[in-house]
>>> print(open('target-v4.txt').read())   # compact mmCIF, C-alpha atoms and all ligand atoms
# COMPACT_ATOMS: atom_id res chain seq x y z
CA MET F 1 44.76 44.07 -29.06
CA PRO F 2 42.17 46.41 -30.57
CA THR F 3 38.83 46.08 -28.80
CA HIS F 4 36.88 47.18 -31.89
CA GLN F 5 36.27 44.94 -34.84
CA SER F 6 39.80 45.13 -36.18
CA ILE F 7 40.21 47.97 -38.66
CA GLY F 8 43.18 46.86 -40.71
CA GLY F 9 45.07 45.83 -37.57
CA ALA F 10 45.28 49.40 -36.17
CA SER F 11 45.63 49.74 -32.41
CA ASP F 12 42.89 51.56 -30.48
CA GLU F 13 45.33 54.42 -29.75
CA ASP F 14 46.35 54.71 -33.40
CA LEU F 15 42.74 54.79 -34.59
CA LEU F 16 41.78 57.33 -31.91
CA ARG F 17 44.64 59.62 -32.91
CA ARG F 18 43.74 59.36 -36.60
CA MET F 19 40.07 60.10 -35.96
CA VAL F 20 40.96 63.17 -33.87
CA ASP F 21 43.63 64.42 -36.30
CA THR F 22 41.41 64.12 -39.39
CA HIS F 23 38.13 65.25 -37.81
CA ALA F 24 38.27 68.93 -38.78
CA ASP F 25 39.00 68.04 -42.39
CA ARG F 26 36.36 65.30 -42.63
CA PHE F 27 33.68 67.42 -40.96
CA GLY F 28 34.62 70.86 -42.28
CA PRO F 29 32.50 73.60 -43.88
CA PRO F 30 31.42 71.52 -46.95
CA PHE F 31 29.96 68.87 -44.62
CA TRP F 32 28.02 71.44 -42.58
CA GLU F 33 26.80 73.19 -45.72
CA PHE F 34 25.36 69.88 -46.94
CA PHE F 35 23.99 69.10 -43.48
CA ALA F 36 22.27 72.49 -43.17
CA ALA F 37 20.63 72.11 -46.59
CA ARG F 38 19.68 68.42 -46.54
CA VAL F 39 19.35 67.26 -42.94
CA GLU F 40 18.59 70.24 -40.71
CA PRO F 41 15.17 70.97 -42.26
CA SER F 42 13.99 67.53 -41.04
CA LEU F 43 15.06 68.03 -37.42
CA PRO F 44 12.46 68.99 -34.80
CA ALA F 45 13.18 71.72 -32.22
CA ARG F 46 14.52 69.20 -29.68
CA PRO F 47 15.91 66.34 -31.74
CA VAL F 48 17.13 63.01 -30.42
CA ILE F 49 20.43 62.37 -32.19
CA ILE F 50 22.53 59.22 -32.03
CA ASP F 51 25.97 58.51 -33.48
CA VAL F 52 26.71 54.80 -33.85
CA GLY F 53 30.45 54.09 -33.89
CA CYS F 54 30.90 57.63 -32.60
CA GLY F 55 34.68 57.31 -32.12
CA PRO F 56 36.06 60.18 -30.01
CA GLY F 57 32.68 61.97 -29.94
CA LEU F 58 33.73 65.00 -31.97
CA LEU F 59 30.84 64.90 -34.45
CA LEU F 60 28.38 64.74 -31.55
CA ARG F 61 30.18 67.65 -29.92
CA ASP F 62 29.87 69.69 -33.13
CA LEU F 63 26.19 68.77 -33.38
CA GLY F 64 25.68 69.82 -29.75
CA ILE F 65 27.23 73.22 -30.44
CA ARG F 66 24.93 73.73 -33.44
CA TYR F 67 21.80 72.25 -31.84
CA PRO F 68 22.00 73.00 -28.09
CA SER F 69 18.51 71.56 -27.39
CA ALA F 70 19.37 68.19 -28.92
CA ALA F 71 19.67 65.01 -26.82
CA LEU F 72 22.98 63.51 -27.98
CA HIS F 73 23.86 59.82 -27.59
CA GLY F 74 27.05 58.17 -28.78
CA TYR F 75 27.83 54.46 -29.00
CA ASP F 76 31.21 52.87 -29.61
CA VAL F 77 32.68 49.45 -28.87
CA THR F 78 36.11 50.88 -28.00
CA PRO F 79 36.39 52.13 -24.39
CA ALA F 80 39.24 54.53 -25.28
CA MET F 81 36.96 56.32 -27.78
CA ILE F 82 34.19 56.73 -25.21
CA ALA F 83 36.72 57.89 -22.59
CA HIS F 84 37.94 60.57 -25.01
CA GLY F 85 34.39 61.75 -25.69
CA ARG F 86 33.61 61.97 -21.98
CA GLN F 87 36.40 64.52 -21.55
CA LEU F 88 34.92 66.92 -24.11
CA THR F 89 33.59 70.11 -22.59
CA GLY F 90 30.88 72.62 -23.51
CA VAL F 91 28.22 70.06 -24.48
CA THR F 92 26.33 67.29 -22.68
CA LEU F 93 26.86 63.93 -24.37
CA THR F 94 25.58 60.54 -23.24
CA LEU F 95 28.31 58.14 -24.32
CA THR F 96 28.13 54.38 -23.90
CA VAL F 97 30.44 51.48 -24.69
CA HIS F 98 28.26 49.42 -27.01
CA ASP F 99 28.78 46.77 -29.69
CA ALA F 100 26.44 47.68 -32.52
CA ALA F 101 27.13 44.36 -34.24
CA THR F 102 25.67 42.27 -31.43
CA GLN F 103 23.49 44.54 -29.26
CA PRO F 104 20.23 46.31 -30.08
CA LEU F 105 20.33 50.09 -29.89
CA PRO F 106 19.07 51.19 -26.45
CA HIS F 107 16.29 53.37 -27.89
CA ALA F 108 12.57 52.69 -28.18
CA THR F 109 11.14 52.07 -31.62
CA GLY F 110 10.43 55.26 -33.60
CA THR F 111 12.12 57.75 -31.25
CA VAL F 112 15.33 58.91 -32.97
CA ASN F 113 15.27 61.97 -35.25
CA LEU F 114 18.82 61.61 -36.59
CA ALA F 115 21.01 58.50 -36.61
CA SER F 116 24.53 59.10 -37.87
CA MET F 117 27.04 56.41 -38.79
CA SER F 118 30.42 57.53 -40.04
CA SER F 119 33.06 55.08 -41.27
CA LEU F 120 31.68 52.18 -39.24
CA LEU F 121 29.44 50.06 -41.45
CA HIS F 122 32.19 48.88 -43.82
CA VAL F 123 33.92 47.26 -40.84
CA LEU F 124 30.99 45.13 -39.77
CA ASP F 125 30.69 41.59 -41.13
CA GLU F 126 26.90 41.78 -41.36
CA PRO F 127 25.57 45.26 -42.12
CA LEU F 128 21.90 44.38 -42.62
CA PRO F 129 20.92 43.58 -38.99
CA VAL F 130 22.63 46.82 -37.89
CA LEU F 131 20.77 48.81 -40.54
CA GLY F 132 17.57 47.08 -39.40
CA GLU F 133 18.18 48.41 -35.89
CA VAL F 134 18.72 51.91 -37.25
CA ARG F 135 15.46 51.65 -39.19
CA ARG F 136 13.64 50.44 -36.08
CA VAL F 137 14.65 53.39 -33.90
CA LEU F 138 14.05 56.10 -36.52
CA ALA F 139 11.09 58.37 -35.76
CA PRO F 140 8.62 59.14 -38.56
CA GLY F 141 10.55 61.49 -40.87
CA GLY F 142 13.78 60.63 -39.03
CA ILE F 143 17.05 60.70 -40.95
CA PHE F 144 19.79 58.12 -41.26
CA LEU F 145 23.05 59.83 -42.23
CA LEU F 146 25.48 57.25 -43.58
CA ASN F 147 29.00 58.46 -44.32
CA ASP F 148 31.33 55.72 -45.47
CA TRP F 149 34.13 54.65 -47.75
CA VAL F 150 33.44 53.90 -51.41
CA ARG F 151 35.56 51.68 -53.59
CA GLN F 152 38.42 53.30 -55.50
CA PRO F 153 41.01 51.74 -57.83
CA LEU F 154 44.17 50.60 -56.01
CA GLU F 155 46.31 53.22 -57.75
CA THR F 156 43.92 56.05 -56.79
CA TYR F 157 43.63 54.81 -53.20
CA LEU F 158 47.40 54.55 -52.69
CA ALA F 159 47.94 57.95 -54.32
CA TRP F 160 45.31 59.42 -51.97
CA ARG F 161 47.14 58.01 -48.92
CA ARG F 162 50.41 59.46 -50.22
CA ASP F 163 49.18 62.88 -51.39
CA VAL F 164 46.31 63.66 -49.02
CA MET F 165 47.25 61.68 -45.90
CA LYS F 166 50.94 62.51 -46.51
CA GLU F 167 51.96 58.92 -45.78
CA THR F 168 55.32 57.78 -47.11
CA GLY F 169 57.84 55.03 -46.41
CA PRO F 170 57.70 51.25 -46.04
CA GLU F 171 55.35 51.18 -43.02
CA ALA F 172 52.91 53.50 -44.81
CA SER F 173 53.06 51.26 -47.86
CA ARG F 174 52.30 48.19 -45.73
CA ARG F 175 49.37 50.05 -44.11
CA GLY F 176 48.02 51.11 -47.51
CA PHE F 177 47.92 47.54 -48.83
CA ARG F 178 46.50 46.25 -45.54
CA LEU F 179 43.70 48.80 -45.50
CA PHE F 180 42.88 48.66 -49.22
CA PRO F 181 40.43 45.73 -48.92
CA VAL F 182 38.90 47.27 -45.76
CA HIS F 183 38.26 50.72 -47.21
CA ASN F 184 37.37 49.59 -50.73
CA LYS F 185 34.78 46.98 -49.88
CA TYR F 186 31.59 48.66 -51.16
CA THR F 187 30.76 50.74 -54.21
CA ALA F 188 28.21 53.56 -53.99
CA ASP F 189 25.74 51.22 -55.73
CA ASP F 190 26.42 48.56 -53.10
CA TRP F 191 25.58 51.08 -50.36
CA ARG F 192 22.36 52.10 -52.11
CA TRP F 193 21.41 48.44 -52.50
CA LEU F 194 22.14 47.70 -48.83
CA LEU F 195 20.06 50.68 -47.69
CA ALA F 196 17.14 49.60 -49.89
CA GLU F 197 17.42 46.01 -48.60
CA ALA F 198 17.16 47.39 -45.06
CA GLY F 199 14.00 49.34 -45.89
CA LEU F 200 15.65 52.75 -46.12
CA THR F 201 15.09 55.18 -48.98
CA VAL F 202 17.96 57.41 -50.12
CA ARG F 203 16.71 60.99 -50.28
CA ASP F 204 20.02 62.73 -50.95
CA GLN F 205 23.66 61.93 -51.38
CA THR F 206 26.93 63.72 -51.92
CA GLU F 207 30.61 63.06 -52.48
CA LEU F 208 32.61 65.67 -50.60
CA ARG F 209 35.79 63.56 -50.86
CA ALA F 210 36.55 60.95 -53.52
CA SER F 211 37.05 58.33 -50.80
CA HIS F 212 33.63 58.72 -49.14
CA ARG F 213 29.96 58.99 -50.00
CA ILE F 214 27.33 60.51 -47.74
CA PHE F 215 23.75 59.22 -47.96
CA VAL F 216 20.69 60.84 -46.39
CA ALA F 217 18.07 58.13 -45.94
CA THR F 218 14.64 57.78 -44.36
CA ARG F 219 12.39 54.83 -43.58
CA ALA F 220 10.84 53.48 -46.75
CA ALA F 221 7.04 53.73 -46.75
C1 LIG D 301 36.93 54.65 -38.41
S1 LIG D 301 36.30 54.94 -36.80
C2 LIG D 301 35.12 56.26 -37.06
C3 LIG D 301 34.82 57.03 -35.80
C4 LIG D 301 33.87 58.21 -35.98
N1 LIG D 301 32.58 57.79 -36.47
C5 LIG D 301 34.46 59.23 -36.91
O1 LIG D 301 34.05 59.29 -38.07
O2 LIG D 301 35.34 59.96 -36.47
C6 LIG D 301 35.23 53.55 -36.55
C7 LIG D 301 34.68 53.47 -35.15
O3 LIG D 301 33.77 52.39 -35.08
C8 LIG D 301 33.97 51.75 -33.84
N2 LIG D 301 33.44 50.39 -33.95
C9 LIG D 301 33.98 49.33 -34.62
N3 LIG D 301 33.21 48.24 -34.49
C10 LIG D 301 32.14 48.63 -33.74
C11 LIG D 301 30.99 47.96 -33.26
N4 LIG D 301 30.78 46.66 -33.52
N5 LIG D 301 30.10 48.65 -32.51
C12 LIG D 301 30.30 49.96 -32.21
N6 LIG D 301 31.38 50.65 -32.64
C13 LIG D 301 32.29 49.99 -33.40
C14 LIG D 301 35.45 51.83 -33.59
O4 LIG D 301 35.75 51.66 -32.23
C15 LIG D 301 35.75 53.23 -34.09
O5 LIG D 301 35.64 54.19 -33.08
>>> encode(input="target-v4.txt", output="structure tokens")
Amino acid sequence: MPTHQSIGGASDEDLLRRMVDTHADRFGPPFWEFFAARVEPSLPARPVIIDVGCGPGLLLRDLGIRYPSAALHGYDVTPAMIAHGRQLTGVTLTLTVHDAATQPLPHATGTVNLASMSSLLHVLDEPLPVLGEVRRVLAPGGIFLLNDWVRQPLETYLAWRRDVMKETGPEASRRGFRLFPVHNKYTADDWRWLLAEAGLTVRDQTELRASHRIFVATRAA
């Protein structure tokens, strides 16, 4: 049984493998170009960075390589993800098994300079309390970096799985239909509305892949 909030029925091992295999593509040069231009200027010399739903910890590792003075905290409900992150070398990460849907973030109010959330929020039944927690912990001028799926037509989504993910055959077809409602839950407008409802102002956004939108948000005044 998956320990995380079920993502289309994938096993923990399957999800871990997919996150590791696709990491370099999802967080390649276009991502870091955007990050350097739109996020980095807001980071202090010794930023506190958290990644909620951090998966195998690879984004935190990459951040640690780029920002060696950062304090890096990762939270994930799946023990196998945290175990993978704890084996990473070359950076110091504080990784904790944590259910963001039911537990407050273990950070004092107004102390986090960058909160990242990548491909987690669409899974959660109730996004607003989780966004409220993110808003609470953000320091003045702190950034919330939301990177998540945006709705695509069924035909486009299935073609993307076939052509980009290179998935073919009956099992892949079953997986595509199973995941369609999971990955195509929110439009970009829905995300903007949710962020505004949670008291977060979108400062920047980009679409580096048709399947995902990245929002850079700060606490609304
Ligand atoms: C699609 S993966 C994304 C992982 C990572 N952010 C990345 O982009 O590589 C979603 C992650 O969210 C985690 N997750 C699901 N529900 C969660 C919850 N309630 N609290 C914390 N993490 C959760 C899963 O265990 C999984 O690692």
>>> atom_distance(input="target-v4.txt", atom1="atom CA of F:Ile214", atom2="atom CA of F:Met165")
20.0 Å
>>> residues_near_ligand(input="target-v4.txt", ligand="ligand LIG 301 (chain D)", cutoff="9 Å", atoms="only C-alpha atoms and all ligand atoms", output="MDAnalysis selection string")
chainID F and resid 2:7 12 15:16 18:20 22:23 26:27 51:59 75:82 97:103 116:121 123:124 147:148
>>> closest_residue(input="target-v4.txt", among="F:Arg219, F:Arg61, F:Lys185, F:Arg86", to="F:Asp125", atoms="only C-alpha atoms")
F:Lys185
>>> residues_around(input="target-v4.txt", residues="F:Pro41", least_positions_apart="3", cutoff="12 Å", atoms="only C-alpha atoms", output="list in words")
Phe34, Phe35, Ala36, Ala37, Arg38, Pro44, Ala45, Pro47, Asn113, Leu114, Gly141, Gly142 and Ile143 of chain F
>>> atom_distance(input="target-v4.txt", atom1="atom CA of F:Leu179", atom2="atom CA of F:Gln152")
12.2 Å
>>> residues_around(input="target-v4.txt", residues="F:Ala71", least_positions_apart="3", cutoff="8 Å", atoms="only C-alpha atoms", output="list of chain:residue names")
F:Arg46, F:Pro47, F:Val48, F:Ile49, F:Leu93
>>> atom_distance(input="target-v4.txt", atom1="atom CA of F:Asn184", atom2="atom CA of F:Glu126")
16.1 Å
>>> closest_residue(input="target-v4.txt", among="F:Ala115, F:Leu105, F:Leu131, F:Ile65", to="F:Thr92", atoms="only C-alpha atoms")
F:Ile65
>>> residues_around(input="target-v4.txt", residues="stretch 208-210 of chain F", least_positions_apart="3", cutoff="12 Å", atoms="all atoms listed in the file", output="PyMOL selection string")
chain F and resi 25-35+147-153+156-157+159-161+164+184+187-188+205+213-215
>>> closest_residue(input="target-v4.txt", among="F:Val182, F:Arg162, F:Asp190, F:Leu60", to="F:Leu88", atoms="all atoms listed in the file")
F:Leu60
>>> closest_residue(input="target-v4.txt", among="F:Ala198, F:Leu154, F:Arg178, F:Ala139", to="F:Ser211", atoms="all atoms listed in the file")
F:Leu154
>>> closest_residue(input="target-v4.txt", among="F:Thr168, F:Gln87, F:Thr206, F:Thr111", to="F:Arg135", atoms="only C-alpha atoms")
F:Thr111
>>> closest_residue(input="target-v4.txt", among="F:Phe177, F:Ala10, F:Ser42, F:His84", to="F:Arg203", atoms="only C-alpha atoms")
F:Ser42
